[in-house]
Each structure stands twice: as C-alpha cells, then as structure tokens.
>>> print(open('upload.tsv').read())   # TSV, C-alpha atoms
chain	number	residue	atom	x	y	z
A	57	MET	CA	0.00	0.00	0.00
A	58	ASP	CA	1.69	3.18	-1.25
A	59	ILE	CA	1.57	6.26	0.99
A	60	ARG	CA	1.15	8.41	-2.13
A	61	VAL	CA	-1.98	6.47	-3.13
A	62	LEU	CA	-3.36	6.80	0.41
A	63	LYS	CA	-3.03	10.57	0.02
A	64	TYR	CA	-4.93	10.30	-3.28
A	65	PHE	CA	-7.64	8.27	-1.52
A	66	LEU	CA	-7.96	10.87	1.25
A	67	ALA	CA	-8.24	13.67	-1.29
A	68	VAL	CA	-11.18	11.95	-3.03
A	69	ALA	CA	-12.80	11.16	0.34
A	70	ARG	CA	-12.44	14.79	1.37
A	71	GLU	CA	-13.66	16.34	-1.90
A	72	GLN	CA	-16.28	13.63	-2.61
A	73	SER	CA	-15.35	13.99	-6.26
A	74	PHE	CA	-12.70	12.41	-8.47
A	75	SER	CA	-12.56	15.44	-10.76
A	76	VAL	CA	-12.14	18.01	-7.97
A	77	ALA	CA	-9.57	15.82	-6.18
A	78	ALA	CA	-7.63	15.39	-9.43
A	79	GLN	CA	-7.46	19.18	-9.82
A	80	ARG	CA	-6.25	19.61	-6.24
A	81	LEU	CA	-3.58	16.93	-6.79
A	82	PHE	CA	-2.55	18.23	-10.24
A	83	LEU	CA	-3.35	14.84	-11.78
A	84	SER	CA	-5.51	13.82	-14.69
A	85	GLN	CA	-8.79	12.23	-13.64
A	86	PRO	CA	-8.06	8.97	-15.51
A	87	THR	CA	-4.72	8.64	-13.69
A	88	LEU	CA	-6.35	9.21	-10.32
A	89	SER	CA	-9.18	6.78	-11.07
A	90	ARG	CA	-6.73	4.11	-12.19
A	91	GLN	CA	-4.57	4.47	-9.06
A	92	LEU	CA	-7.58	4.11	-6.75
A	93	SER	CA	-9.05	1.24	-8.75
A	94	GLU	CA	-5.75	-0.55	-8.26
A	95	LEU	CA	-5.97	0.18	-4.52
A	96	GLU	CA	-9.45	-1.35	-4.42
A	97	SER	CA	-8.16	-4.41	-6.28
A	98	GLU	CA	-5.22	-4.71	-3.87
A	99	LEU	CA	-7.53	-4.63	-0.86
A	100	GLY	CA	-10.19	-6.78	-2.49
A	101	LYS	CA	-12.94	-4.39	-1.37
A	102	PRO	CA	-14.80	-1.49	-2.98
A	103	LEU	CA	-13.92	1.79	-1.27
A	104	PHE	CA	-16.24	4.17	-3.12
A	105	ILE	CA	-19.88	4.37	-4.10
A	106	ARG	CA	-19.86	6.24	-7.39
A	107	SER	CA	-22.99	8.06	-8.57
A	108	ASN	CA	-24.02	11.08	-10.64
A	109	LYS	CA	-24.24	13.09	-7.42
A	110	GLY	CA	-20.64	12.42	-6.43
A	111	VAL	CA	-18.60	9.93	-4.47
A	112	THR	CA	-19.27	8.51	-1.01
A	113	LEU	CA	-17.33	5.94	0.98
A	114	THR	CA	-18.35	2.36	1.60
A	115	ASP	CA	-18.06	0.93	5.10
A	116	GLU	CA	-14.61	-0.36	4.15
A	117	GLY	CA	-13.75	3.05	2.74
A	118	MET	CA	-14.70	4.77	5.99
A	119	MET	CA	-12.55	2.30	7.90
A	120	LEU	CA	-9.61	2.95	5.59
A	121	ARG	CA	-10.08	6.72	5.85
A	122	LYS	CA	-9.60	6.66	9.61
A	123	ARG	CA	-6.48	4.51	9.36
A	124	ALA	CA	-5.10	6.36	6.34
A	125	GLU	CA	-5.34	9.71	8.13
A	126	GLU	CA	-3.34	8.28	11.04
A	127	ILE	CA	-0.80	6.61	8.74
A	128	VAL	CA	-0.21	9.72	6.62
A	129	GLU	CA	0.06	11.94	9.70
A	130	LEU	CA	2.56	9.59	11.34
A	131	VAL	CA	4.65	9.28	8.16
A	132	GLU	CA	4.77	13.06	7.73
A	133	LYS	CA	5.69	13.51	11.40
A	134	THR	CA	8.47	10.92	11.07
A	135	GLU	CA	9.83	12.49	7.88
A	136	GLN	CA	9.92	15.89	9.54
A	137	GLU	CA	11.78	14.53	12.56
A	138	ILE	CA	14.42	12.81	10.44
A	139	LYS	CA	14.96	15.83	8.18
A	140	GLN	CA	15.62	18.18	11.08
A	141	SER	CA	19.09	19.67	11.21
A	142	SER	CA	21.38	18.11	13.78
A	143	ASP	CA	22.64	21.61	14.63
A	144	ASN	CA	19.45	23.64	14.94
A	145	ILE	CA	16.60	22.93	17.34
A	146	SER	CA	13.54	23.14	15.13
A	147	GLY	CA	10.44	21.21	14.19
A	148	THR	CA	6.94	20.71	15.53
A	149	VAL	CA	5.88	19.76	19.05
A	150	TYR	CA	2.60	17.81	19.04
A	151	ILE	CA	0.32	18.38	22.05
A	152	GLY	CA	-3.18	17.07	22.79
A	153	ALA	CA	-5.46	18.55	25.42
A	154	GLY	CA	-9.00	18.78	26.64
A	155	GLU	CA	-10.61	22.10	27.45
A	156	THR	CA	-8.71	23.37	30.48
A	157	TYR	CA	-7.16	26.61	31.71
A	158	ALA	CA	-3.94	24.61	32.20
A	159	VAL	CA	-3.30	25.25	28.49
A	160	LYS	CA	-2.01	28.59	29.76
A	161	LEU	CA	1.14	26.77	30.91
A	162	ILE	CA	1.62	25.43	27.39
A	163	ALA	CA	1.32	28.97	26.04
A	164	ASP	CA	3.71	30.32	28.70
A	165	THR	CA	6.28	27.68	27.77
A	166	ALA	CA	5.98	28.38	24.04
A	167	ARG	CA	6.34	32.11	24.67
A	168	GLU	CA	9.52	31.64	26.70
A	169	LEU	CA	11.02	29.37	24.04
A	170	LYS	CA	10.19	31.70	21.16
A	171	THR	CA	13.17	34.02	21.58
A	172	ASP	CA	15.86	31.32	21.71
A	173	TYR	CA	14.17	28.76	19.45
A	174	PRO	CA	12.01	30.61	16.91
A	175	GLN	CA	11.96	27.58	14.60
A	176	ILE	CA	9.98	25.44	17.02
A	177	GLN	CA	6.35	25.17	15.96
A	178	TYR	CA	3.33	23.60	17.65
A	179	SER	CA	0.46	21.38	16.59
A	180	PHE	CA	-2.49	21.29	19.00
A	181	PHE	CA	-5.13	18.56	19.08
A	182	SER	CA	-8.23	19.31	21.16
A	183	ALA	CA	-10.31	16.36	22.33
A	184	ASP	CA	-11.36	14.37	25.39
A	185	GLY	CA	-8.82	12.41	27.40
A	186	THR	CA	-9.57	9.09	25.72
A	187	SER	CA	-8.81	10.48	22.26
A	188	VAL	CA	-5.65	12.20	23.51
A	189	LEU	CA	-4.36	8.94	25.00
A	190	GLU	CA	-5.13	7.04	21.80
A	191	ARG	CA	-3.09	9.47	19.72
A	192	LEU	CA	-0.31	9.49	22.29
A	193	ASP	CA	-0.13	5.68	22.14
A	194	LYS	CA	0.05	5.76	18.33
A	195	GLY	CA	2.94	8.22	18.33
A	196	LEU	CA	0.86	11.05	16.88
A	197	LEU	CA	1.38	13.25	19.95
A	198	ASP	CA	4.41	14.07	22.07
A	199	PHE	CA	2.47	15.27	25.12
A	200	GLY	CA	-1.05	15.32	26.49
A	201	LEU	CA	-3.07	17.25	29.06
A	202	VAL	CA	-5.69	14.94	30.55
A	203	PHE	CA	-7.88	14.94	33.63
A	204	GLN	CA	-7.77	11.25	34.43
A	205	GLN	CA	-4.87	9.72	36.34
A	206	ALA	CA	-2.64	8.15	33.70
A	207	ASP	CA	-1.31	4.59	33.87
A	208	ARG	CA	2.14	5.05	35.41
A	209	THR	CA	3.42	1.87	33.75
A	210	LYS	CA	2.85	3.51	30.33
A	211	TYR	CA	3.22	7.23	30.93
A	212	GLU	CA	5.26	9.77	32.80
A	213	SER	CA	3.01	12.30	34.49
A	214	ILE	CA	3.18	15.69	36.20
A	215	GLU	CA	0.23	17.05	38.14
A	216	ILE	CA	-0.63	20.57	37.03
A	217	PRO	CA	-0.77	23.03	39.95
A	218	LEU	CA	-3.49	25.13	38.26
A	219	HIS	CA	-6.67	23.30	39.22
A	220	ASP	CA	-9.84	23.96	37.23
A	221	ILE	CA	-12.99	24.73	39.23
A	222	TRP	CA	-16.41	23.29	38.40
A	223	GLY	CA	-19.41	25.56	38.30
A	224	VAL	CA	-22.43	26.65	36.27
A	225	LEU	CA	-22.38	28.80	33.14
A	226	MET	CA	-25.71	30.63	32.90
A	227	ARG	CA	-27.45	33.68	31.53
A	228	ARG	CA	-27.06	36.85	33.60
A	229	ASP	CA	-30.84	37.10	33.86
A	230	GLY	CA	-31.12	33.53	35.19
A	231	PRO	CA	-32.55	32.73	38.65
A	232	LEU	CA	-29.14	31.77	40.11
A	233	ALA	CA	-27.03	34.48	38.47
A	234	HIS	CA	-27.08	36.72	41.55
A	235	LYS	CA	-25.36	34.10	43.71
A	236	ARG	CA	-21.62	34.08	44.48
A	237	SER	CA	-21.69	30.28	44.56
A	238	VAL	CA	-24.23	27.51	44.15
A	239	ALA	CA	-24.73	24.17	45.83
A	240	LEU	CA	-25.69	21.15	43.76
A	241	LYS	CA	-29.17	21.25	45.30
A	242	ASP	CA	-29.61	24.80	43.92
A	243	ILE	CA	-29.70	23.51	40.34
A	244	SER	CA	-32.71	21.30	41.06
A	245	GLY	CA	-35.35	21.84	38.42
A	246	GLN	CA	-32.91	23.39	35.97
A	247	SER	CA	-32.26	22.21	32.41
A	248	LEU	CA	-28.59	21.27	32.26
A	249	LEU	CA	-25.91	20.78	29.63
A	250	ILE	CA	-23.08	18.53	30.81
A	251	PRO	CA	-19.72	17.65	29.23
A	252	ARG	CA	-19.58	14.42	27.24
A	253	GLN	CA	-16.33	12.98	28.53
A	254	PRO	CA	-15.93	9.56	30.19
A	255	ASN	CA	-14.18	10.93	33.25
A	256	HIS	CA	-16.57	13.87	33.69
A	257	SER	CA	-20.07	12.96	32.54
A	258	THR	CA	-20.45	9.88	34.75
A	259	MET	CA	-19.25	11.72	37.87
A	260	LEU	CA	-21.47	14.71	37.19
A	261	SER	CA	-24.51	12.60	36.33
A	262	ASP	CA	-24.16	10.69	39.60
A	263	LEU	CA	-23.83	13.90	41.64
A	264	ILE	CA	-26.78	15.51	39.88
A	265	SER	CA	-29.04	12.49	40.36
A	266	GLN	CA	-28.07	12.38	44.04
A	267	HIS	CA	-28.32	16.08	44.94
A	268	ALA	CA	-30.55	17.58	42.23
A	269	PRO	CA	-32.83	14.73	41.11
A	270	SER	CA	-35.44	17.05	39.62
A	271	SER	CA	-32.92	18.53	37.18
A	272	HIS	CA	-33.22	17.68	33.51
A	273	ILE	CA	-30.12	16.91	31.43
A	274	ALA	CA	-31.11	18.64	28.20
A	275	ALA	CA	-27.90	17.94	26.27
A	276	GLU	CA	-24.31	16.73	26.39
A	277	TYR	CA	-21.47	18.66	24.77
A	278	ASN	CA	-17.79	18.21	24.02
A	279	LEU	CA	-16.93	21.85	23.19
A	280	ILE	CA	-17.90	24.46	25.75
A	281	TYR	CA	-18.08	27.23	23.16
A	282	ASN	CA	-20.94	25.43	21.41
A	283	ALA	CA	-22.60	24.82	24.77
A	284	SER	CA	-22.23	28.51	25.65
A	285	VAL	CA	-24.23	29.44	22.54
A	286	MET	CA	-26.99	27.06	23.66
A	287	VAL	CA	-26.94	28.63	27.13
A	288	ARG	CA	-27.15	32.12	25.66
A	289	GLU	CA	-30.13	31.07	23.57
A	290	GLY	CA	-31.96	29.82	26.67
A	291	MET	CA	-31.54	26.05	26.31
A	292	GLY	CA	-30.35	25.69	29.91
A	293	CYS	CA	-27.31	26.05	32.16
A	294	ALA	CA	-23.98	24.38	31.39
A	295	ILE	CA	-21.93	22.53	34.00
A	296	THR	CA	-18.38	23.44	33.07
A	297	LEU	CA	-14.95	24.52	34.26
A	298	ASP	CA	-14.04	28.10	35.04
A	299	LYS	CA	-12.08	30.46	32.75
A	300	LEU	CA	-13.01	28.64	29.53
A	301	ILE	CA	-15.61	31.20	28.43
A	302	ASN	CA	-15.13	34.94	28.71
A	303	VAL	CA	-17.91	36.24	30.95
A	304	SER	CA	-16.49	39.70	31.55
A	305	GLY	CA	-17.70	43.06	30.26
A	306	ASP	CA	-21.00	43.05	28.41
A	307	SER	CA	-21.24	39.26	28.11
A	308	GLU	CA	-24.76	37.90	28.48
A	309	LEU	CA	-23.35	34.99	30.49
A	310	CYS	CA	-21.87	34.52	33.93
A	311	PHE	CA	-20.06	31.70	35.72
A	312	VAL	CA	-20.92	30.72	39.30
A	313	PRO	CA	-18.70	28.15	41.08
A	314	PHE	CA	-20.00	25.29	43.18
A	315	ASP	CA	-19.89	25.40	46.98
A	316	PRO	CA	-18.34	23.33	48.41
A	317	PRO	CA	-15.69	23.73	45.69
A	318	MET	CA	-15.24	20.94	43.13
A	319	GLU	CA	-11.80	20.82	41.51
A	320	ALA	CA	-10.64	19.05	38.36
A	321	VAL	CA	-6.98	18.04	38.50
A	322	CYS	CA	-5.14	17.96	35.19
A	323	HIS	CA	-1.99	15.96	34.36
A	324	PHE	CA	0.71	16.63	31.77
A	325	ILE	CA	1.76	13.26	30.39
A	326	TRP	CA	4.06	11.62	27.85
A	327	LYS	CA	4.97	8.03	27.01
A	328	ARG	CA	7.58	6.29	29.11
A	329	TYR	CA	10.90	5.77	27.32
A	330	PRO	CA	10.00	8.18	24.50
A	331	VAL	CA	12.04	8.88	21.38
A	332	PHE	CA	11.77	12.67	21.49
A	333	THR	CA	12.87	15.14	18.85
A	334	LYS	CA	15.15	17.91	20.04
A	335	ALA	CA	12.20	20.29	19.84
A	336	ALA	CA	10.06	18.07	22.10
A	337	SER	CA	12.91	17.52	24.57
A	338	THR	CA	13.57	21.26	24.72
A	339	PHE	CA	9.88	21.96	25.26
A	340	LEU	CA	9.67	19.44	28.11
A	341	GLU	CA	12.62	20.95	29.96
A	342	LYS	CA	11.25	24.45	29.62
A	343	PHE	CA	7.76	23.28	30.65
A	344	LYS	CA	9.20	21.84	33.87
A	345	SER	CA	10.92	25.16	34.65
A	346	VAL	CA	7.68	27.08	33.97
A	347	LEU	CA	5.89	24.76	36.42
A	348	GLU	CA	8.55	25.40	39.07
A	349	LYS	CA	8.06	29.16	38.67
A	350	SER	CA	4.28	28.80	38.97
A	351	ASN	CA	4.72	26.90	42.26
A	352	THR	CA	6.89	29.62	43.87
>>> encode(input="upload.tsv", output="structure tokens")
Amino acid sequence: MDIRVLKYFLAVAREQSFSVAAQRLFLSQPTLSRQLSELESELGKPLFIRSNKGVTLTDEGMMLRKRAEEIVELVEKTEQEIKQSSDNISGTVYIGAGETYAVKLIADTARELKTDYPQIQYSFFSADGTSVLERLDKGLLDFGLVFQQADRTKYESIEIPLHDIWGVLMRRDGPLAHKRSVALKDISGQSLLIPRQPNHSTMLSDLISQHAPSSHIAAEYNLIYNASVMVREGMGCAITLDKLINVSGDSELCFVPFDPPMEAVCHFIWKRYPVFTKAASTFLEKFKSVLEKSNT
C-alpha cells in the first residue's frame, strides 16, 4: 500500500469527487481513477460508491479513511523529525489537550522558548482524554493534558498546579445568576448541559441524580463554546470549568462556582521511554521550569 496512493484516496474522500480531487492533486482524472481502482483491487474491497451526485465511501472506505489519516500523519511527522538539522533545534511539538485553563502553561512555555528557538512550531489537538491517550499511544502526539490519572506503567506524568474549578455557566438574567456560589441542590429543576467525557459525565450525572434529582439533562457537549451558545439562547445552564468562556464586560453569560468547591486536576503526560525530537525535549525541559516558577 503506497503512501502516495493513500493521500490520493484521502483527497477523493475529502472532496467527494474524483474530478475536484484530481485538480487539487494536479493529476488527470483517468490517472487518479486508475490508481484508486488498483488500490481497491489490492484490498479486495470497494472503497467508493460512485454516482451522478458524487462519491461517497463504503463501510470499508470509511474504515480505511480513519487509518489512512493516522498513517499519513505519522509518516509526515516521522519524515519531519528525520529531516531536522542536527545543529538547529527546530520542528513541531505535538500536544493534545481537553478544554482546560492549564493550556495557559503550554502557552507560557511556548512564549519563553520563542526568543531562543524561533523555529519550534506547535500542533495542537483538542479532544477528550480518551482520544488524547489514543493518539499518544500511536505516536501522533508528544504530550497530552488529561484529567484522568494516567497509567504510570505507560506514561510519565506531572500534576498541574493550576486546578480547574467546576461551576455553572448561565445567563445573567437567570434565577441563580445573583449568587456568588451555588450548591448542587440549587440547580434542582434546571435544564442542564453537561460535558460528554468519560471521566466527567459519569461523575457529574451521579452527583446531579443524588443532589438535584429534579434537574433535567437537556444535552451533552464536548466543546464548551458550542454549549455557551446554547446557554445564551436559553436552552439551559452548562456545567463546566471556570475560565473557559469569557464572561467579563457586556457578556450575556456569567459563571458561578459550586460550593463546596469541586476541583478538576489535570496531568501533563508523555509516554515512558520516549524517542523525542530535540524540539520536544527542549519543550519538556522548559515546561518543567515554567511549572517550578508557577509553584513559587
């Protein structure tokens, strides 16, 4: 299976058209069609459903698309690492993270490195902890920020000193907006939006059913910005972490923390016995020094 042909396959899957993909790839359409027909013959499965309306993927095609994206990304990452100059510290540092204010430490580290190592770049992947760990295991990420405690037999881990605080994102004209803090029982009867993450949603659902059984979970979300739009439009209140949505100035929203406080502890992790690029190694050392400063 040729990596070049996988890139052709992904282009057709993305454009849903052989002709448009051929233009993007600077190939003739017959050449592109022949290459992908040969790929289908090699795999012994049809990958495309061709019709007058365009091209869609078969079940096997959708399976290949997921794997091909990972394969192409890993190959490109490996090529970049090998091509890096042995003298200059350059290249891309790959970091995955959920929505957390701890990303500030990533930004602080990158800012401090910028003067001495301007050729270091960054690739950020935003997702829940499960997806971050999957990509870390496959070598697609150098580092991850996750809320769950990582398996110490597989990962090195540093607890982040900046703890996120759980609370309620609501409209400023809502019935609880005047409060400095809210107890779980205060959200009884409210329509709620909760995060769809394995380590968060189960815990929150259990607490809500125990302390606010009359509440209604109206929706789950994985991006708080999208949830904030739903809150602003009156769909309900969102259970979320602080400092993720700007509620200052003339914002229609406000954030009220829980009392007693509920903290979410984040961990910065990487695989044990990693093969780091110079850029990733340099980032890790600087990140550790930024953490030391934040603790003093």
>>> closest_residue(input="upload.tsv", among="A:Asn278, A:Ser89, A:Ser247, A:Thr114", to="Ile264 in chain A", atoms="all atoms listed in the file")
A:Ser247
>>> closest_residue(input="upload.tsv", among="A:Lys342, A:Lys63, A:Arg80, A:Arg227", to="Arg121 in chain A", atoms="only C-alpha atoms")
A:Lys63
>>> atom_distance(input="upload.tsv", atom1="CA of Gly223 in chain A", atom2="CA of Ala158 in chain A")
16.7 Å
>>> closest_residue(input="upload.tsv", among="A:Gln253, A:Thr258, A:Asn144, A:Gln246", to="His272 in chain A", atoms="only C-alpha atoms")
A:Gln246
>>> residues_around(input="upload.tsv", residues="Val303 in chain A", least_positions_apart="5", cutoff="12 Å", atoms="only C-alpha atoms", output="ChimeraX atom specification")
/A:224-228,233,281,284,288,298,308-312
>>> residues_around(input="upload.tsv", residues="Arg70 in chain A", least_positions_apart="2", cutoff="12 Å", atoms="all atoms listed in the file", output="ChimeraX atom specification")
/A:63-68,72-74,76-78,80,110-113,117-118,121-122,125
>>> residues_around(input="upload.tsv", residues="Lys344 in chain A", least_positions_apart="2", cutoff="12 Å", atoms="only C-alpha atoms", output="PyMOL selection string")
chain A and resi 161-162+164-165+213-217+324-325+337-342+346-351
>>> atom_distance(input="upload.tsv", atom1="CA of Arg328 in chain A", atom2="CA of Tyr211 in chain A")
4.8 Å
>>> atom_distance(input="upload.tsv", atom1="CA of Cys322 in chain A", atom2="CA of Ser307 in chain A")
27.6 Å
>>> closest_residue(input="upload.tsv", among="A:Gly290, A:Gly185, A:Gln175, A:Glu126", to="Ala274 in chain A", atoms="only C-alpha atoms")
A:Gly290
>>> closest_residue(input="upload.tsv", among="A:Ser75, A:Thr171, A:Ser304, A:Gln204", to="Thr186 in chain A", atoms="only C-alpha atoms")
A:Gln204
>>> closest_residue(input="upload.tsv", among="A:Val131, A:Ser107, A:Arg60, A:Ile295", to="Met259 in chain A", atoms="all atoms listed in the file")
A:Ile295
>>> residues_around(input="upload.tsv", residues="Leu95 in chain A", least_positions_apart="3", cutoff="9 Å", atoms="all atoms listed in the file", output="PyMOL selection string")
chain A and resi 57-58+61-62+65+90-92+98-101+103
>>> residues_near_point(input="upload.tsv", point="(-12.1, 24.9, 41.8)", cutoff="8 Å", atoms="all atoms listed in the file", output="MDAnalysis selection string")
chainID A and resid 219:222 298 313 317:320
>>> residues_near_point(input="upload.tsv", point="(8.7, 16.4, 23.1)", cutoff="12 Å", atoms="only C-alpha atoms", output="PyMOL selection string")
chain A and resi 137+145-152+176-179+192+195-200+324-343
